[in-house]
Amino acid sequence: MSWALVPAAGSGRRFGGEVPKQYLHAAGKPLIEHALDALLAHPRIDGAVVALAEGDPRWPGWTSLHGKPVIACIGGGERADSVLAALRALPDGVADDELLLVHDAARPNLRGDDIDRLIDAAMICADGAILAAPVRDTLKRADAEVHIAVTEPRGGLWRALTPQAFRRGLLLRALEAARATGAAVTDEAMAVERLGLHPALVEGREDNLKVTTPADLALVEFLLQSRLSS
């Protein structure tokens with residue numbers, strides 16, 4: 001049994017506008033619906049828990065998709081708070097050693113083969129696994145005046161993507177430990193790393209984009225429409 005956790009309580013401040021980015025439309029559907037479709041259409045995922053902002057007026061009220069359960073819960077102010085809330089809203093039958101996939105609500109172009117390879121890797125690595133992409137661009141560090149201070153070596157650097165896959169017990173322990181110390185963790189792998197563990201990196205498709213800007217939305221629209229027409 002594998003469940004998906006989808007933190008969707010954010011307001012999308014970086015994107016701008018009144019509509020949270022997970023509810024922006026691309027290829028005829030909100031981004032969150034594309035994300036949930038990709039997860040729940042996969043045969044190795046049994047259900048999803050979505051963490052929402054309190055009183056979210058845009059949530060369509062789904063209780064199932066693709067014949068699988070969708071559970072809604074109230075998230076928190078930060079990503080880690082929402083993932084913790086989703087963990088606690090899982091059905092009682094989901095054991096501590098069951099695999100959970102945490103996926104961004106505004107990352108709509110997830111492919112099934114990436115899910116397969118992620119689950120396979122996380123089943124082997126006790127520390128979990130994440131989809132990621134090697135950094136291919138030259139990296140520049142800026143100074144206070146936004147001039148180039150130095151060129152940073154990119155060898156060994158990867159961009160973290162989602163889903164990120166961990167056993168339920170490990171993920172709960174990692175996020176609770178981060179909260180107890182007041183650590184600001186920006187993804188689930190960072191919380192697990194703080195325990196001294198080393199999740200596996202699984203190279204994922206570069207078009208598994210997270211929408212954070214209007215340009216991202218336009219590109220995702222193109223990618224999704226291309227898939228629909230192929």
# chains A, B, ... in the order shown; residues from 1 in each chain; ligands from 1
$ residues_around --residues "Met190 in chain A" --least-positions-apart "2" --cutoff "12 Å" --atoms "only C-alpha atoms" --output "list in words"
Ala80, Asp127, Gly128, Ala129, Ile130, Ala160, Gln164, Leu171, Ala174, Leu175, Ala177, Ala178, Ala183, Ala184, Val185, Thr186, Asp187, Glu188, Val192, Glu193, Arg194, Leu195, Gly196, Leu197, His198 and Pro199 of chain A
$ write_last_selection --atoms "N, CA and C atoms" --output "PDB file, in the first residue's frame"
ATOM      1  N   ALA A  80       5.883  21.953   5.891  1.00  0.00           N
ATOM      2  CA  ALA A  80       6.062  20.858   6.837  1.00  0.00           C
ATOM      3  C   ALA A  80       4.833  20.679   7.721  1.00  0.00           C
ATOM      4  N   ASP A 127      16.289   4.866   3.787  1.00  0.00           N
ATOM      5  CA  ASP A 127      16.241   6.301   4.070  1.00  0.00           C
ATOM      6  C   ASP A 127      15.289   7.048   3.141  1.00  0.00           C
ATOM      7  N   GLY A 128      14.641   6.339   2.222  1.00  0.00           N
ATOM      8  CA  GLY A 128      13.721   6.970   1.292  1.00  0.00           C
ATOM      9  C   GLY A 128      14.397   7.398   0.009  1.00  0.00           C
ATOM     10  N   ALA A 129      13.630   8.066  -0.847  1.00  0.00           N
ATOM     11  CA  ALA A 129      14.146   8.490  -2.155  1.00  0.00           C
ATOM     12  C   ALA A 129      13.346   9.690  -2.644  1.00  0.00           C
ATOM     13  N   ILE A 130      13.977  10.480  -3.490  1.00  0.00           N
ATOM     14  CA  ILE A 130      13.282  11.621  -4.092  1.00  0.00           C
ATOM     15  C   ILE A 130      13.575  11.671  -5.588  1.00  0.00           C
ATOM     16  N   ALA A 160      15.967  19.296  -6.348  1.00  0.00           N
ATOM     17  CA  ALA A 160      14.958  18.412  -5.778  1.00  0.00           C
ATOM     18  C   ALA A 160      13.620  18.615  -6.482  1.00  0.00           C
ATOM     19  N   GLN A 164       8.467  12.882  -3.297  1.00  0.00           N
ATOM     20  CA  GLN A 164       9.509  12.392  -2.424  1.00  0.00           C
ATOM     21  C   GLN A 164       8.889  11.261  -1.608  1.00  0.00           C
ATOM     22  N   LEU A 171       9.061   9.416   8.098  1.00  0.00           N
ATOM     23  CA  LEU A 171       8.677  10.772   7.734  1.00  0.00           C
ATOM     24  C   LEU A 171       8.074  11.506   8.931  1.00  0.00           C
ATOM     25  N   ALA A 174      10.891  12.419  11.353  1.00  0.00           N
ATOM     26  CA  ALA A 174      11.744  13.491  10.840  1.00  0.00           C
ATOM     27  C   ALA A 174      11.061  14.854  10.946  1.00  0.00           C
ATOM     28  N   LEU A 175       9.795  14.927  10.570  1.00  0.00           N
ATOM     29  CA  LEU A 175       9.095  16.209  10.605  1.00  0.00           C
ATOM     30  C   LEU A 175       8.822  16.659  12.036  1.00  0.00           C
ATOM     31  N   ALA A 177      10.713  15.952  14.616  1.00  0.00           N
ATOM     32  CA  ALA A 177      11.999  16.378  15.158  1.00  0.00           C
ATOM     33  C   ALA A 177      12.361  17.774  14.676  1.00  0.00           C
ATOM     34  N   ALA A 178      12.100  18.065  13.402  1.00  0.00           N
ATOM     35  CA  ALA A 178      12.378  19.403  12.878  1.00  0.00           C
ATOM     36  C   ALA A 178      11.511  20.445  13.572  1.00  0.00           C
ATOM     37  N   ALA A 183      13.413  24.059  13.351  1.00  0.00           N
ATOM     38  CA  ALA A 183      14.123  24.079  12.067  1.00  0.00           C
ATOM     39  C   ALA A 183      13.137  24.304  10.926  1.00  0.00           C
ATOM     40  N   ALA A 184      13.504  25.182  10.007  1.00  0.00           N
ATOM     41  CA  ALA A 184      12.686  25.435   8.821  1.00  0.00           C
ATOM     42  C   ALA A 184      13.139  24.506   7.714  1.00  0.00           C
ATOM     43  N   VAL A 185      12.366  23.461   7.439  1.00  0.00           N
ATOM     44  CA  VAL A 185      12.732  22.518   6.388  1.00  0.00           C
ATOM     45  C   VAL A 185      11.895  22.814   5.150  1.00  0.00           C
ATOM     46  N   THR A 186      12.554  22.883   4.013  1.00  0.00           N
ATOM     47  CA  THR A 186      11.874  23.274   2.782  1.00  0.00           C
ATOM     48  C   THR A 186      11.367  22.092   1.977  1.00  0.00           C
ATOM     49  N   ASP A 187      11.812  20.904   2.312  1.00  0.00           N
ATOM     50  CA  ASP A 187      11.214  19.712   1.725  1.00  0.00           C
ATOM     51  C   ASP A 187      11.380  18.549   2.703  1.00  0.00           C
ATOM     52  N   GLU A 188      10.734  17.438   2.399  1.00  0.00           N
ATOM     53  CA  GLU A 188      10.738  16.313   3.313  1.00  0.00           C
ATOM     54  C   GLU A 188      12.133  15.695   3.430  1.00  0.00           C
ATOM     55  N   VAL A 192      14.526  14.565   6.759  1.00  0.00           N
ATOM     56  CA  VAL A 192      15.135  13.244   6.932  1.00  0.00           C
ATOM     57  C   VAL A 192      16.656  13.370   7.037  1.00  0.00           C
ATOM     58  N   GLU A 193      17.252  14.257   6.255  1.00  0.00           N
ATOM     59  CA  GLU A 193      18.696  14.472   6.312  1.00  0.00           C
ATOM     60  C   GLU A 193      19.136  14.923   7.701  1.00  0.00           C
ATOM     61  N   ARG A 194      18.298  15.699   8.380  1.00  0.00           N
ATOM     62  CA  ARG A 194      18.641  16.202   9.716  1.00  0.00           C
ATOM     63  C   ARG A 194      18.773  15.070  10.729  1.00  0.00           C
ATOM     64  N   LEU A 195      18.234  13.911  10.415  1.00  0.00           N
ATOM     65  CA  LEU A 195      18.395  12.737  11.281  1.00  0.00           C
ATOM     66  C   LEU A 195      19.692  11.995  10.990  1.00  0.00           C
ATOM     67  N   GLY A 196      20.497  12.504  10.056  1.00  0.00           N
ATOM     68  CA  GLY A 196      21.742  11.844   9.681  1.00  0.00           C
ATOM     69  C   GLY A 196      21.569  10.789   8.612  1.00  0.00           C
ATOM     70  N   LEU A 197      20.433  10.817   7.931  1.00  0.00           N
ATOM     71  CA  LEU A 197      20.141   9.814   6.907  1.00  0.00           C
ATOM     72  C   LEU A 197      20.388  10.380   5.507  1.00  0.00           C
ATOM     73  N   HIS A 198      20.391   9.473   4.522  1.00  0.00           N
ATOM     74  CA  HIS A 198      20.790   9.866   3.165  1.00  0.00           C
ATOM     75  C   HIS A 198      19.826   9.264   2.138  1.00  0.00           C
ATOM     76  N   PRO A 199      18.716   9.961   1.850  1.00  0.00           N
ATOM     77  CA  PRO A 199      17.780   9.459   0.841  1.00  0.00           C
ATOM     78  C   PRO A 199      18.440   9.335  -0.529  1.00  0.00           C
TER      79      PRO A 199
END
$ select_by_dssp --residues "range 6-170 of chain A" --states "strand (DSSP E)" --output "PyMOL selection string"
chain A and resi 6-8+25-26+29-30+47-52+64-65+68-74+99-102+129-134+139-142+148-152+158-167
$ write_last_selection --atoms "C-alpha atoms" --output "PDB file, in the first residue's frame"
ATOM      1  CA  VAL A   6      -0.410  16.614  -1.259  1.00  0.00           C
ATOM      2  CA  PRO A   7       0.262  19.843   0.681  1.00  0.00           C
ATOM      3  CA  ALA A   8      -2.081  22.451  -0.823  1.00  0.00           C
ATOM      4  CA  HIS A  25      -6.014  26.220 -14.862  1.00  0.00           C
ATOM      5  CA  ALA A  26      -3.897  24.543 -17.526  1.00  0.00           C
ATOM      6  CA  LYS A  29      -8.232  21.692 -15.360  1.00  0.00           C
ATOM      7  CA  PRO A  30      -6.754  23.151 -12.182  1.00  0.00           C
ATOM      8  CA  GLY A  47      -5.276   6.975  -2.096  1.00  0.00           C
ATOM      9  CA  ALA A  48      -4.387  10.584  -1.349  1.00  0.00           C
ATOM     10  CA  VAL A  49      -4.591  13.019   1.545  1.00  0.00           C
ATOM     11  CA  VAL A  50      -4.763  16.690   0.573  1.00  0.00           C
ATOM     12  CA  ALA A  51      -3.897  19.344   3.176  1.00  0.00           C
ATOM     13  CA  LEU A  52      -5.912  22.518   2.535  1.00  0.00           C
ATOM     14  CA  SER A  64     -12.538   9.894  -4.658  1.00  0.00           C
ATOM     15  CA  LEU A  65     -10.723  10.024  -7.993  1.00  0.00           C
ATOM     16  CA  LYS A  68      -9.543   5.690  -4.979  1.00  0.00           C
ATOM     17  CA  PRO A  69     -10.160   7.656  -1.772  1.00  0.00           C
ATOM     18  CA  VAL A  70      -9.288  11.324  -1.443  1.00  0.00           C
ATOM     19  CA  ILE A  71      -9.175  12.644   2.124  1.00  0.00           C
ATOM     20  CA  ALA A  72      -9.071  16.384   2.839  1.00  0.00           C
ATOM     21  CA  CYS A  73      -7.611  17.849   6.032  1.00  0.00           C
ATOM     22  CA  ILE A  74      -6.605  21.282   7.293  1.00  0.00           C
ATOM     23  CA  LEU A  99       5.539   4.076   1.687  1.00  0.00           C
ATOM     24  CA  LEU A 100       4.188   7.622   1.295  1.00  0.00           C
ATOM     25  CA  LEU A 101       4.736   9.900  -1.700  1.00  0.00           C
ATOM     26  CA  VAL A 102       4.666  13.645  -1.010  1.00  0.00           C
ATOM     27  CA  ALA A 129      14.146   8.490  -2.155  1.00  0.00           C
ATOM     28  CA  ILE A 130      13.282  11.621  -4.092  1.00  0.00           C
ATOM     29  CA  LEU A 131      12.897  12.536  -7.726  1.00  0.00           C
ATOM     30  CA  ALA A 132      15.600  15.013  -8.691  1.00  0.00           C
ATOM     31  CA  ALA A 133      17.482  16.421 -11.675  1.00  0.00           C
ATOM     32  CA  PRO A 134      21.218  17.100 -11.982  1.00  0.00           C
ATOM     33  CA  LEU A 139      25.873  28.627 -11.279  1.00  0.00           C
ATOM     34  CA  LYS A 140      26.787  32.177 -10.239  1.00  0.00           C
ATOM     35  CA  ARG A 141      26.780  33.492  -6.671  1.00  0.00           C
ATOM     36  CA  ALA A 142      25.792  37.171  -6.453  1.00  0.00           C
ATOM     37  CA  ILE A 148      28.820  38.021  -9.928  1.00  0.00           C
ATOM     38  CA  ALA A 149      30.876  37.223  -6.850  1.00  0.00           C
ATOM     39  CA  VAL A 150      32.017  33.759  -7.909  1.00  0.00           C
ATOM     40  CA  THR A 151      31.155  30.866 -10.207  1.00  0.00           C
ATOM     41  CA  GLU A 152      30.099  27.873  -8.120  1.00  0.00           C
ATOM     42  CA  TRP A 158      20.854  18.186  -7.997  1.00  0.00           C
ATOM     43  CA  ARG A 159      17.523  20.024  -8.053  1.00  0.00           C
ATOM     44  CA  ALA A 160      14.958  18.412  -5.778  1.00  0.00           C
ATOM     45  CA  LEU A 161      11.651  17.515  -7.442  1.00  0.00           C
ATOM     46  CA  THR A 162       8.585  15.686  -6.178  1.00  0.00           C
ATOM     47  CA  PRO A 163       7.241  13.192  -5.354  1.00  0.00           C
ATOM     48  CA  GLN A 164       9.509  12.392  -2.424  1.00  0.00           C
ATOM     49  CA  ALA A 165       8.962   8.932  -0.952  1.00  0.00           C
ATOM     50  CA  PHE A 166       9.493   7.809   2.645  1.00  0.00           C
ATOM     51  CA  ARG A 167       8.131   5.247   5.083  1.00  0.00           C
TER      52      ARG A 167
END
$ select_by_dssp --residues "range 77-141 of chain A" --states "helix (DSSP H, G or I)" --output "JSON, numbers by chain"
{"A": [79, 80, 81, 82, 83, 84, 85, 86, 87, 88, 112, 113, 114, 115, 116, 117, 118, 119, 120, 121, 122, 123, 124]}
$ closest_residue --among "A:Leu219, A:Ala38, A:Ala106, A:Ala4" --to "Val83 in chain A" --atoms "only C-alpha atoms"
A:Ala4
$ closest_residue --among "A:Leu84, A:Val19, A:Ala53, A:Ala41" --to "Arg179 in chain A" --atoms "only C-alpha atoms"
A:Leu84
$ closest_residue --among "A:Met1, A:Ala180, A:Ala121, A:Ala105" --to "Asp37 in chain A" --atoms "only C-alpha atoms"
A:Ala105
$ closest_residue --among "A:Leu110, A:Ile45, A:Ala126, A:Leu172" --to "Ile32 in chain A" --atoms "only C-alpha atoms"
A:Leu110
$ residues_around --residues "Leu223 in chain A" --least-positions-apart "2" --cutoff "12 Å" --atoms "only C-alpha atoms" --output "list in words"
Ala26, Ala27, Arg107, Pro108, Asn109, Leu110, Arg111, Glu206, Asp207, Asn208, Leu209, Asp216, Leu217, Ala218, Leu219, Val220, Glu221, Gln225, Ser226, Arg227, Leu228, Ser229 and Ser230 of chain A
$ write_last_selection --atoms "N, CA and C atoms" --output "PDB file, in the first residue's frame"
ATOM      1  N   ALA A  26      -4.737  24.857 -16.367  1.00  0.00           N
ATOM      2  CA  ALA A  26      -3.897  24.543 -17.526  1.00  0.00           C
ATOM      3  C   ALA A  26      -4.526  23.346 -18.216  1.00  0.00           C
ATOM      4  N   ALA A  27      -4.631  23.409 -19.524  1.00  0.00           N
ATOM      5  CA  ALA A  27      -5.234  22.322 -20.311  1.00  0.00           C
ATOM      6  C   ALA A  27      -6.605  21.941 -19.760  1.00  0.00           C
ATOM      7  N   ARG A 107       2.513  20.893  -9.264  1.00  0.00           N
ATOM      8  CA  ARG A 107       3.454  20.192 -10.155  1.00  0.00           C
ATOM      9  C   ARG A 107       2.625  19.182 -10.944  1.00  0.00           C
ATOM     10  N   PRO A 108       2.020  19.638 -12.078  1.00  0.00           N
ATOM     11  CA  PRO A 108       0.968  18.850 -12.734  1.00  0.00           C
ATOM     12  C   PRO A 108       1.424  17.853 -13.784  1.00  0.00           C
ATOM     13  N   ASN A 109       2.698  17.894 -14.180  1.00  0.00           N
ATOM     14  CA  ASN A 109       3.118  17.096 -15.337  1.00  0.00           C
ATOM     15  C   ASN A 109       3.918  15.866 -14.922  1.00  0.00           C
ATOM     16  N   LEU A 110       3.465  15.202 -13.895  1.00  0.00           N
ATOM     17  CA  LEU A 110       4.132  13.999 -13.392  1.00  0.00           C
ATOM     18  C   LEU A 110       3.812  12.809 -14.282  1.00  0.00           C
ATOM     19  N   ARG A 111       4.818  11.998 -14.563  1.00  0.00           N
ATOM     20  CA  ARG A 111       4.654  10.820 -15.417  1.00  0.00           C
ATOM     21  C   ARG A 111       4.705   9.531 -14.593  1.00  0.00           C
ATOM     22  N   GLU A 206      12.821  16.267 -16.568  1.00  0.00           N
ATOM     23  CA  GLU A 206      12.990  17.707 -16.346  1.00  0.00           C
ATOM     24  C   GLU A 206      11.699  18.478 -16.583  1.00  0.00           C
ATOM     25  N   ASP A 207      10.735  17.878 -17.296  1.00  0.00           N
ATOM     26  CA  ASP A 207       9.477  18.597 -17.537  1.00  0.00           C
ATOM     27  C   ASP A 207       8.458  18.374 -16.412  1.00  0.00           C
ATOM     28  N   ASN A 208       8.881  17.773 -15.325  1.00  0.00           N
ATOM     29  CA  ASN A 208       8.055  17.652 -14.123  1.00  0.00           C
ATOM     30  C   ASN A 208       8.168  18.968 -13.349  1.00  0.00           C
ATOM     31  N   LEU A 209       7.571  20.016 -13.917  1.00  0.00           N
ATOM     32  CA  LEU A 209       7.779  21.385 -13.446  1.00  0.00           C
ATOM     33  C   LEU A 209       6.828  21.751 -12.323  1.00  0.00           C
ATOM     34  N   ASP A 216       6.110  29.751 -16.011  1.00  0.00           N
ATOM     35  CA  ASP A 216       5.967  28.322 -15.734  1.00  0.00           C
ATOM     36  C   ASP A 216       4.595  27.821 -16.144  1.00  0.00           C
ATOM     37  N   LEU A 217       3.575  28.617 -15.851  1.00  0.00           N
ATOM     38  CA  LEU A 217       2.207  28.212 -16.181  1.00  0.00           C
ATOM     39  C   LEU A 217       2.037  28.070 -17.683  1.00  0.00           C
ATOM     40  N   ALA A 218       2.594  29.011 -18.443  1.00  0.00           N
ATOM     41  CA  ALA A 218       2.497  28.939 -19.902  1.00  0.00           C
ATOM     42  C   ALA A 218       3.204  27.697 -20.430  1.00  0.00           C
ATOM     43  N   LEU A 219       4.372  27.367 -19.864  1.00  0.00           N
ATOM     44  CA  LEU A 219       5.102  26.179 -20.316  1.00  0.00           C
ATOM     45  C   LEU A 219       4.352  24.905 -19.959  1.00  0.00           C
ATOM     46  N   VAL A 220       3.794  24.840 -18.757  1.00  0.00           N
ATOM     47  CA  VAL A 220       3.028  23.668 -18.348  1.00  0.00           C
ATOM     48  C   VAL A 220       1.795  23.489 -19.220  1.00  0.00           C
ATOM     49  N   GLU A 221       1.151  24.582 -19.562  1.00  0.00           N
ATOM     50  CA  GLU A 221       0.000  24.521 -20.477  1.00  0.00           C
ATOM     51  C   GLU A 221       0.413  23.860 -21.786  1.00  0.00           C
ATOM     52  N   GLN A 225      -0.984  20.198 -22.986  1.00  0.00           N
ATOM     53  CA  GLN A 225      -1.732  20.145 -24.259  1.00  0.00           C
ATOM     54  C   GLN A 225      -1.032  19.208 -25.242  1.00  0.00           C
ATOM     55  N   SER A 226       0.295  19.214 -25.224  1.00  0.00           N
ATOM     56  CA  SER A 226       1.040  18.317 -26.122  1.00  0.00           C
ATOM     57  C   SER A 226       0.770  16.866 -25.780  1.00  0.00           C
ATOM     58  N   ARG A 227       0.674  16.561 -24.492  1.00  0.00           N
ATOM     59  CA  ARG A 227       0.371  15.187 -24.081  1.00  0.00           C
ATOM     60  C   ARG A 227      -1.040  14.781 -24.498  1.00  0.00           C
ATOM     61  N   LEU A 228      -1.982  15.712 -24.368  1.00  0.00           N
ATOM     62  CA  LEU A 228      -3.361  15.412 -24.731  1.00  0.00           C
ATOM     63  C   LEU A 228      -3.521  15.154 -26.231  1.00  0.00           C
ATOM     64  N   SER A 229      -2.705  15.838 -27.031  1.00  0.00           N
ATOM     65  CA  SER A 229      -2.854  15.720 -28.477  1.00  0.00           C
ATOM     66  C   SER A 229      -2.007  14.597 -29.076  1.00  0.00           C
ATOM     67  N   SER A 230      -1.149  13.986 -28.237  1.00  0.00           N
ATOM     68  CA  SER A 230      -0.259  12.945 -28.784  1.00  0.00           C
ATOM     69  C   SER A 230      -0.962  11.583 -28.793  1.00  0.00           C
TER      70      SER A 230
END
$ atom_distance --atom1 "CA of His103 in chain A" --atom2 "CA of Trp3 in chain A"
10.7 Å
$ atom_distance --atom1 "CA of Gly182 in chain A" --atom2 "CA of Gly76 in chain A"
14.7 Å
